[in-house]
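What follows is the content of start.cif, which has mmCIF, C-alpha atoms:
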```
data_final
loop_
_atom_site.group_PDB
_atom_site.id
_atom_site.type_symbol
_atom_site.label_atom_id
_atom_site.label_comp_id
_atom_site.auth_asym_id
_atom_site.auth_seq_id
_atom_site.Cartn_x
_atom_site.Cartn_y
_atom_site.Cartn_z
ATOM 1 C CA MET K 1 0.000 0.000 0.000
ATOM 2 C CA LYS K 2 2.875 2.388 0.679
ATOM 3 C CA ASP K 3 3.328 3.221 -3.018
ATOM 4 C CA LEU K 4 -0.346 3.828 -3.766
ATOM 5 C CA PRO K 5 -1.697 7.351 -4.416
ATOM 6 C CA LEU K 6 -4.291 8.788 -2.028
ATOM 7 C CA VAL K 7 -7.631 9.978 -3.410
ATOM 8 C CA LEU K 8 -9.688 12.130 -1.019
ATOM 9 C CA LEU K 9 -13.345 12.916 -1.729
ATOM 10 C CA HIS K 10 -14.927 16.030 -0.272
ATOM 11 C CA ALA K 11 -17.913 16.625 1.995
ATOM 12 C CA PHE K 12 -21.336 18.192 1.371
ATOM 13 C CA PRO K 13 -22.111 20.948 0.475
ATOM 14 C CA VAL K 14 -18.584 22.044 -0.513
ATOM 15 C CA ASP K 15 -15.901 21.050 -3.025
ATOM 16 C CA ALA K 16 -12.296 19.872 -3.061
ATOM 17 C CA ARG K 17 -11.043 23.209 -1.701
ATOM 18 C CA MET K 18 -11.930 21.819 1.732
ATOM 19 C CA TRP K 19 -8.625 19.904 1.446
ATOM 20 C CA ASP K 20 -6.532 23.055 0.835
ATOM 21 C CA ALA K 21 -4.953 23.086 4.299
ATOM 22 C CA VAL K 22 -3.940 19.411 4.170
ATOM 23 C CA ARG K 23 -2.881 19.280 0.521
ATOM 24 C CA ALA K 24 0.694 20.580 0.788
ATOM 25 C CA PRO K 25 1.846 18.533 3.806
ATOM 26 C CA LEU K 26 0.284 15.345 2.440
ATOM 27 C CA SER K 27 1.713 15.931 -1.036
ATOM 28 C CA GLU K 28 5.225 16.094 0.406
ATOM 29 C CA ARG K 29 4.937 12.419 1.333
ATOM 30 C CA LEU K 30 2.570 10.853 -1.188
ATOM 31 C CA ARG K 31 0.694 11.460 -4.411
ATOM 32 C CA LEU K 32 -2.602 13.161 -3.534
ATOM 33 C CA ILE K 33 -5.651 13.498 -5.789
ATOM 34 C CA THR K 34 -8.667 15.574 -4.679
ATOM 35 C CA PRO K 35 -11.421 15.717 -7.324
ATOM 36 C CA ASP K 36 -14.663 17.687 -7.226
ATOM 37 C CA GLN K 37 -17.777 15.511 -7.205
ATOM 38 C CA ARG K 38 -20.155 15.932 -10.125
ATOM 39 C CA GLY K 39 -22.123 19.162 -9.975
ATOM 40 C CA LEU K 40 -19.883 20.735 -7.308
ATOM 41 C CA GLY K 41 -16.824 22.939 -7.586
ATOM 42 C CA ARG K 42 -15.522 22.816 -11.143
ATOM 43 C CA SER K 43 -17.113 19.471 -12.014
ATOM 44 C CA PRO K 44 -20.157 19.635 -14.323
ATOM 45 C CA LEU K 45 -23.439 17.895 -13.572
ATOM 46 C CA PRO K 46 -24.121 15.468 -16.426
ATOM 47 C CA GLU K 47 -27.645 15.143 -17.782
ATOM 48 C CA THR K 48 -28.452 11.468 -17.277
ATOM 49 C CA GLY K 49 -32.219 11.385 -17.013
ATOM 50 C CA ARG K 50 -31.804 9.166 -13.941
ATOM 51 C CA GLU K 51 -32.609 9.815 -10.321
ATOM 52 C CA PRO K 52 -29.601 11.083 -8.317
ATOM 53 C CA ASP K 53 -27.506 8.115 -7.200
ATOM 54 C CA LEU K 54 -24.040 7.985 -5.662
ATOM 55 C CA ALA K 55 -23.362 5.001 -7.936
ATOM 56 C CA ASP K 56 -23.071 7.486 -10.812
ATOM 57 C CA ALA K 57 -20.604 9.584 -8.810
ATOM 58 C CA ALA K 58 -18.696 6.374 -8.057
ATOM 59 C CA ARG K 59 -18.443 5.697 -11.779
ATOM 60 C CA ASP K 60 -16.948 9.182 -12.124
ATOM 61 C CA VAL K 61 -14.238 8.248 -9.611
ATOM 62 C CA VAL K 62 -13.414 5.014 -11.429
ATOM 63 C CA ALA K 63 -13.323 6.881 -14.748
ATOM 64 C CA LEU K 64 -10.879 9.361 -13.192
ATOM 65 C CA LEU K 65 -8.625 6.508 -12.071
ATOM 66 C CA ASP K 66 -8.774 5.102 -15.608
ATOM 67 C CA ARG K 67 -7.790 8.470 -17.116
ATOM 68 C CA LEU K 68 -4.878 8.747 -14.693
ATOM 69 C CA GLY K 69 -3.779 5.182 -15.371
ATOM 70 C CA LEU K 70 -4.189 4.141 -11.742
ATOM 71 C CA ASP K 71 -5.108 0.501 -11.190
ATOM 72 C CA LYS K 72 -5.382 0.830 -7.418
ATOM 73 C CA VAL K 73 -5.416 3.678 -4.875
ATOM 74 C CA VAL K 74 -6.004 4.385 -1.230
ATOM 75 C CA LEU K 75 -9.473 5.916 -1.321
ATOM 76 C CA GLY K 76 -11.163 8.013 1.302
ATOM 77 C CA GLY K 77 -13.376 10.943 2.054
ATOM 78 C CA CYS K 78 -15.039 13.185 4.581
ATOM 79 C CA SER K 79 -18.769 12.858 5.321
ATOM 80 C CA MET K 80 -20.405 12.576 1.864
ATOM 81 C CA GLY K 81 -16.957 11.689 0.543
ATOM 82 C CA GLY K 82 -17.058 8.661 2.828
ATOM 83 C CA TYR K 83 -20.450 7.665 1.423
ATOM 84 C CA LEU K 84 -19.001 8.001 -2.073
ATOM 85 C CA THR K 85 -16.006 5.888 -1.067
ATOM 86 C CA MET K 86 -18.410 3.145 0.003
ATOM 87 C CA ALA K 87 -20.194 3.439 -3.355
ATOM 88 C CA VAL K 88 -16.867 2.938 -5.144
ATOM 89 C CA LEU K 89 -16.232 -0.119 -2.965
ATOM 90 C CA ARG K 90 -19.540 -1.579 -4.135
ATOM 91 C CA LEU K 91 -18.730 -0.814 -7.771
ATOM 92 C CA ALA K 92 -15.032 -1.646 -8.061
ATOM 93 C CA PRO K 93 -13.476 -3.064 -4.882
ATOM 94 C CA GLU K 94 -10.438 -4.233 -6.840
ATOM 95 C CA ARG K 95 -9.417 -0.582 -7.351
ATOM 96 C CA VAL K 96 -9.152 0.101 -3.590
ATOM 97 C CA GLY K 97 -5.982 -0.822 -1.689
ATOM 98 C CA GLY K 98 -6.738 1.117 1.493
ATOM 99 C CA LEU K 99 -9.497 3.255 3.014
ATOM 100 C CA VAL K 100 -9.672 6.584 4.864
ATOM 101 C CA PHE K 101 -13.008 7.475 6.460
ATOM 102 C CA ILE K 102 -13.240 10.961 7.994
ATOM 103 C CA ASP K 103 -16.352 12.009 9.928
ATOM 104 C CA THR K 104 -18.693 9.644 8.134
ATOM 105 C CA LYS K 105 -20.903 6.612 8.768
ATOM 106 C CA ALA K 106 -21.881 3.343 7.116
ATOM 107 C CA THR K 107 -25.620 3.324 7.783
ATOM 108 C CA ALA K 108 -28.334 4.678 5.511
ATOM 109 C CA ASP K 109 -30.381 7.746 6.419
ATOM 110 C CA ALA K 110 -33.376 7.380 8.701
ATOM 111 C CA PRO K 111 -36.708 8.474 7.148
ATOM 112 C CA GLU K 112 -36.598 11.877 8.862
ATOM 113 C CA ALA K 113 -33.105 12.553 7.495
ATOM 114 C CA VAL K 114 -34.257 11.513 4.007
ATOM 115 C CA ARG K 115 -37.106 14.031 4.203
ATOM 116 C CA THR K 116 -34.731 16.745 5.369
ATOM 117 C CA ARG K 117 -32.347 16.111 2.470
ATOM 118 C CA HIS K 118 -35.190 16.392 -0.039
ATOM 119 C CA GLU K 119 -36.356 19.614 1.618
ATOM 120 C CA VAL K 120 -32.811 21.008 1.369
ATOM 121 C CA ALA K 121 -32.652 20.055 -2.318
ATOM 122 C CA ALA K 122 -35.973 21.738 -3.086
ATOM 123 C CA ARG K 123 -35.073 24.916 -1.181
ATOM 124 C CA VAL K 124 -31.657 25.175 -2.846
ATOM 125 C CA GLU K 125 -33.267 24.869 -6.270
ATOM 126 C CA ALA K 126 -35.778 27.581 -5.346
ATOM 127 C CA GLU K 127 -33.540 30.007 -3.427
ATOM 128 C CA GLY K 128 -29.894 29.194 -4.166
ATOM 129 C CA THR K 129 -27.277 28.539 -1.484
ATOM 130 C CA ALA K 130 -27.113 31.890 0.366
ATOM 131 C CA TRP K 131 -29.302 30.586 3.224
ATOM 132 C CA MET K 132 -27.327 27.412 3.781
ATOM 133 C CA PRO K 133 -24.331 28.532 5.892
ATOM 134 C CA GLU K 134 -26.517 29.826 8.722
ATOM 135 C CA ALA K 135 -28.617 26.664 8.585
ATOM 136 C CA VAL K 136 -25.879 24.034 8.412
ATOM 137 C CA THR K 137 -22.750 25.515 10.030
ATOM 138 C CA PRO K 138 -23.829 24.699 13.623
ATOM 139 C CA GLY K 139 -23.981 21.029 12.641
ATOM 140 C CA LEU K 140 -20.789 21.021 10.612
ATOM 141 C CA LEU K 141 -18.372 22.778 12.979
ATOM 142 C CA ALA K 142 -17.541 22.489 16.664
ATOM 143 C CA GLU K 143 -19.199 25.024 18.930
ATOM 144 C CA LYS K 144 -15.922 26.882 19.499
ATOM 145 C CA ALA K 145 -14.673 26.706 15.907
ATOM 146 C CA ARG K 146 -12.504 29.658 14.897
ATOM 147 C CA PRO K 147 -14.383 32.479 13.109
ATOM 148 C CA GLU K 148 -12.097 32.219 10.071
ATOM 149 C CA VAL K 149 -13.030 28.546 9.696
ATOM 150 C CA ALA K 150 -16.728 29.423 9.699
ATOM 151 C CA GLU K 151 -16.092 32.176 7.163
ATOM 152 C CA ARG K 152 -14.160 29.798 4.900
ATOM 153 C CA LEU K 153 -17.008 27.296 5.138
ATOM 154 C CA ARG K 154 -19.484 30.031 4.205
ATOM 155 C CA GLU K 155 -17.430 30.851 1.121
ATOM 156 C CA LEU K 156 -17.200 27.212 0.075
ATOM 157 C CA ILE K 157 -20.950 26.649 0.452
ATOM 158 C CA THR K 158 -22.216 29.810 -1.228
ATOM 159 C CA THR K 159 -20.036 29.316 -4.320
ATOM 160 C CA GLN K 160 -21.524 25.896 -5.140
ATOM 161 C CA PRO K 161 -23.980 25.469 -8.041
ATOM 162 C CA PRO K 162 -27.480 24.941 -6.594
ATOM 163 C CA SER K 163 -28.160 22.140 -9.084
ATOM 164 C CA GLY K 164 -25.126 20.205 -7.834
ATOM 165 C CA VAL K 165 -26.019 20.706 -4.174
ATOM 166 C CA ALA K 166 -29.566 19.490 -4.843
ATOM 167 C CA TRP K 167 -28.306 16.450 -6.780
ATOM 168 C CA ALA K 168 -25.897 15.509 -3.992
ATOM 169 C CA ALA K 169 -28.557 15.885 -1.289
ATOM 170 C CA ARG K 170 -30.940 13.580 -3.143
ATOM 171 C CA ALA K 171 -28.171 11.084 -3.949
ATOM 172 C CA MET K 172 -27.188 10.861 -0.278
ATOM 173 C CA ALA K 173 -30.831 10.370 0.705
ATOM 174 C CA ALA K 174 -31.017 7.345 -1.601
ATOM 175 C CA ARG K 175 -27.808 5.662 -0.500
ATOM 176 C CA PRO K 176 -28.014 2.119 0.911
ATOM 177 C CA ASP K 177 -26.599 0.753 4.137
ATOM 178 C CA SER K 178 -22.925 -0.107 3.568
ATOM 179 C CA LEU K 179 -22.111 -2.343 6.546
ATOM 180 C CA GLU K 180 -21.937 -5.542 4.468
ATOM 181 C CA THR K 181 -19.751 -3.773 1.896
ATOM 182 C CA LEU K 182 -17.320 -2.745 4.615
ATOM 183 C CA ARG K 183 -17.225 -6.202 6.201
ATOM 184 C CA SER K 184 -15.762 -7.541 2.961
ATOM 185 C CA ALA K 185 -13.272 -4.660 2.534
ATOM 186 C CA ASP K 186 -10.157 -6.622 3.424
ATOM 187 C CA VAL K 187 -7.716 -3.701 3.184
ATOM 188 C CA PRO K 188 -6.163 -1.419 5.828
ATOM 189 C CA ALA K 189 -8.501 1.367 6.921
ATOM 190 C CA LEU K 190 -8.174 4.594 8.892
ATOM 191 C CA VAL K 191 -11.187 6.097 10.666
ATOM 192 C CA VAL K 192 -10.893 9.732 11.813
ATOM 193 C CA VAL K 193 -13.596 11.546 13.783
ATOM 194 C CA GLY K 194 -13.902 14.889 15.509
ATOM 195 C CA GLU K 195 -14.568 14.511 19.209
ATOM 196 C CA GLU K 196 -17.420 17.038 18.894
ATOM 197 C CA ASP K 197 -18.870 15.681 15.646
ATOM 198 C CA GLY K 198 -22.620 15.803 16.186
ATOM 199 C CA LEU K 199 -23.652 14.525 12.742
ATOM 200 C CA THR K 200 -21.561 11.346 12.597
ATOM 201 C CA PRO K 201 -20.426 11.058 16.221
ATOM 202 C CA LEU K 202 -17.829 8.807 17.805
ATOM 203 C CA GLU K 203 -20.349 5.975 18.079
ATOM 204 C CA GLU K 204 -20.640 5.888 14.278
ATOM 205 C CA ALA K 205 -16.847 5.862 13.952
ATOM 206 C CA ILE K 206 -16.625 2.963 16.393
ATOM 207 C CA THR K 207 -19.199 1.078 14.300
ATOM 208 C CA LEU K 208 -16.956 1.587 11.258
ATOM 209 C CA VAL K 209 -13.920 0.313 13.148
ATOM 210 C CA GLU K 210 -15.789 -2.725 14.438
ATOM 211 C CA THR K 211 -17.158 -3.515 10.964
ATOM 212 C CA LEU K 212 -13.983 -3.111 8.921
ATOM 213 C CA PRO K 213 -11.572 -6.082 9.053
ATOM 214 C CA ASP K 214 -8.448 -3.947 9.652
ATOM 215 C CA ALA K 215 -9.177 -0.466 10.992
ATOM 216 C CA THR K 216 -7.382 2.172 13.074
ATOM 217 C CA LEU K 217 -9.339 4.877 14.937
ATOM 218 C CA VAL K 218 -8.117 8.442 15.526
ATOM 219 C CA VAL K 219 -10.246 10.920 17.528
ATOM 220 C CA LEU K 220 -9.404 14.609 17.096
ATOM 221 C CA PRO K 221 -10.220 16.679 20.199
ATOM 222 C CA GLU K 222 -12.217 19.931 20.005
ATOM 223 C CA ALA K 223 -13.150 19.310 16.357
ATOM 224 C CA GLY K 224 -16.588 18.858 14.834
ATOM 225 C CA HIS K 225 -17.811 17.269 11.616
ATOM 226 C CA LEU K 226 -15.392 18.897 9.161
ATOM 227 C CA THR K 227 -12.050 18.039 10.746
ATOM 228 C CA PRO K 228 -9.996 18.849 7.588
ATOM 229 C CA LEU K 229 -11.156 22.471 7.963
ATOM 230 C CA GLU K 230 -11.045 22.648 11.761
ATOM 231 C CA ASP K 231 -7.919 20.600 12.529
ATOM 232 C CA PRO K 232 -5.983 20.075 9.298
ATOM 233 C CA ALA K 233 -2.756 19.338 11.179
ATOM 234 C CA GLY K 234 -4.515 16.591 13.121
ATOM 235 C CA VAL K 235 -5.877 15.055 9.927
ATOM 236 C CA VAL K 236 -2.440 15.158 8.286
ATOM 237 C CA GLU K 237 -0.815 13.575 11.321
ATOM 238 C CA ALA K 238 -3.454 10.845 11.443
ATOM 239 C CA ILE K 239 -3.061 9.978 7.751
ATOM 240 C CA LEU K 240 0.723 10.086 7.659
ATOM 241 C CA GLY K 241 1.015 8.176 10.924
ATOM 242 C CA TRP K 242 -1.127 5.399 9.470
ATOM 243 C CA TYR K 243 0.026 5.501 5.842
ATOM 244 C CA PRO K 244 3.179 3.422 5.413
ATOM 245 C CA ALA K 245 4.674 5.976 3.012
#
```

In structure tokens, how does this file's structure come out?
Amino acid sequence: MKDLPLVLLHAFPVDARMWDAVRAPLSERLRLITPDQRGLGRSPLPETGREPDLADAARDVVALLDRLGLDKVVLGGCSMGGYLTMAVLRLAPERVGGLVFIDTKATADAPEAVRTRHEVAARVEAEGTAWMPEAVTPGLLAEKARPEVAERLRELITTQPPSGVAWAARAMAARPDSLETLRSADVPALVVVGEEDGLTPLEEAITLVETLPDATLVVLPEAGHLTPLEDPAGVVEAILGWYPA
């Protein structure tokens, strides 16, 4: 695994710029690839005629690996990026030589969460993204997150295309439970969680660790759901300490 590139997939509702603070220190030690998911950042939203499904985003990831000539990578992501990682595992497990799960969970959404995601999608399509930071930041960051982190998050959210945010929300709502997929993922895995993550709390991280055949858990103190924004040094240390680079 030590020679494999690392592909990191971003959270919702932002793009790959969420990795900016970890990109340089990680790139000193390994090859790092941080794509934008379809419809977010600089990635277009293809017209498929199908209902939003993370399986389509997973096919995008595999197509990217094909274009780059990469047979196998260490694949991981934060929050939605973790869900997308699990979708890639379902689609093409032979392409994954290691896993990094950051502030994410393996279970599907409960009915109330599904309804909320569809409400978010409809409101974004009607009103754009300007309302979202005030609505979602309390859940995404620790209570005592630095003001500049909250401001950066606001910038990342409000610059996303509403159509891409809506697609991603609906795709996440439709995702299946991934516990069986992870039980068969016989590769080294790293699970990172913010101690104050209220959306995918420590209990969810422990479930990941107990489900994966070979997993290491790192808990980052005083961080919430978006640890790469709140504690980039902690995320870098966790990855490099685990990655046999």

Explicit residue set for the PyMOL selection byres ((chain K and resi 190-197) around 7), as a count of residues only: 26

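The two atoms in question, atom CA of Val88 of chain K and atom CA of Ile239 of chain K, are spaced 20.2 Å apart.
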
Here's the selection I'm unsure about, the PyMOL selection byres ((chain K and resi 114) around 10); applied to the file above, which residues does it give, as a compact mmCIF listing (two decimals) with C-alpha atoms, in the frame of the given file?
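Everything below was put into expr_8.txt:
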```txt
# COMPACT_ATOMS: atom_id res chain seq x y z
CA ALA K 108 -28.33 4.68 5.51
CA ASP K 109 -30.38 7.75 6.42
CA ALA K 110 -33.38 7.38 8.70
CA PRO K 111 -36.71 8.47 7.15
CA GLU K 112 -36.60 11.88 8.86
CA ALA K 113 -33.10 12.55 7.50
CA ARG K 115 -37.11 14.03 4.20
CA THR K 116 -34.73 16.74 5.37
CA ARG K 117 -32.35 16.11 2.47
CA HIS K 118 -35.19 16.39 -0.04
CA GLU K 119 -36.36 19.61 1.62
CA VAL K 120 -32.81 21.01 1.37
CA ALA K 169 -28.56 15.88 -1.29
CA ARG K 170 -30.94 13.58 -3.14
CA MET K 172 -27.19 10.86 -0.28
CA ALA K 173 -30.83 10.37 0.70
CA ALA K 174 -31.02 7.34 -1.60
CA ARG K 175 -27.81 5.66 -0.50
```

Figure out the distance between atom CA of Val62 of chain K and atom CA of Met86 of chain K, please, to one decimal in Å. 12.6 Å

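Of the residues listed (K:Arg154, K:Ser178, K:Arg42, K:Thr48), K:Ser178 shows the shortest atom-to-atom separation from Gly82 of chain K; distances use only C-alpha atoms.
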
As lines of an AutoDock Vina configuration file: centre and edge lengths in Å, one decimal, of the axis-aligned box holding segment 117-123 of chain K with 3 Å per side:
```
center_x = -34.4
center_y = 20.5
center_z = -0.3
size_x = 10.0
size_y = 14.8
size_z = 11.6
```

Test item: which residues lie within 10 Å of (-19.9, 28.5, -0.5) counting all atoms listed in the file, as a PyMOL selection string: chain K and resi 13-15+41+129-130+132-133+151-161

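Closest approach to Ala126 of chain K among K:Gly139, K:Tyr243, K:Leu45, K:Val165 is made by K:Val165 (distances from only C-alpha atoms).
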
Since I can't run it myself right now, could you work out what the PyMOL selection byres ((chain K and resi 59) around 12) selects here and report it as a ChimeraX atom specification? /K:37-38,53-58,60-66,84-85,87-92,95

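Ranking K:Val7, K:Pro25, K:Thr211, K:Ala122 by their shortest atom-to-atom distance to Val73 of chain K, with only C-alpha atoms included, puts K:Val7 first.
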
In Å, with one decimal, what is the gap from atom CA of Leu240 of chain K to atom CA of Asp3 of chain K? 13.0 Å
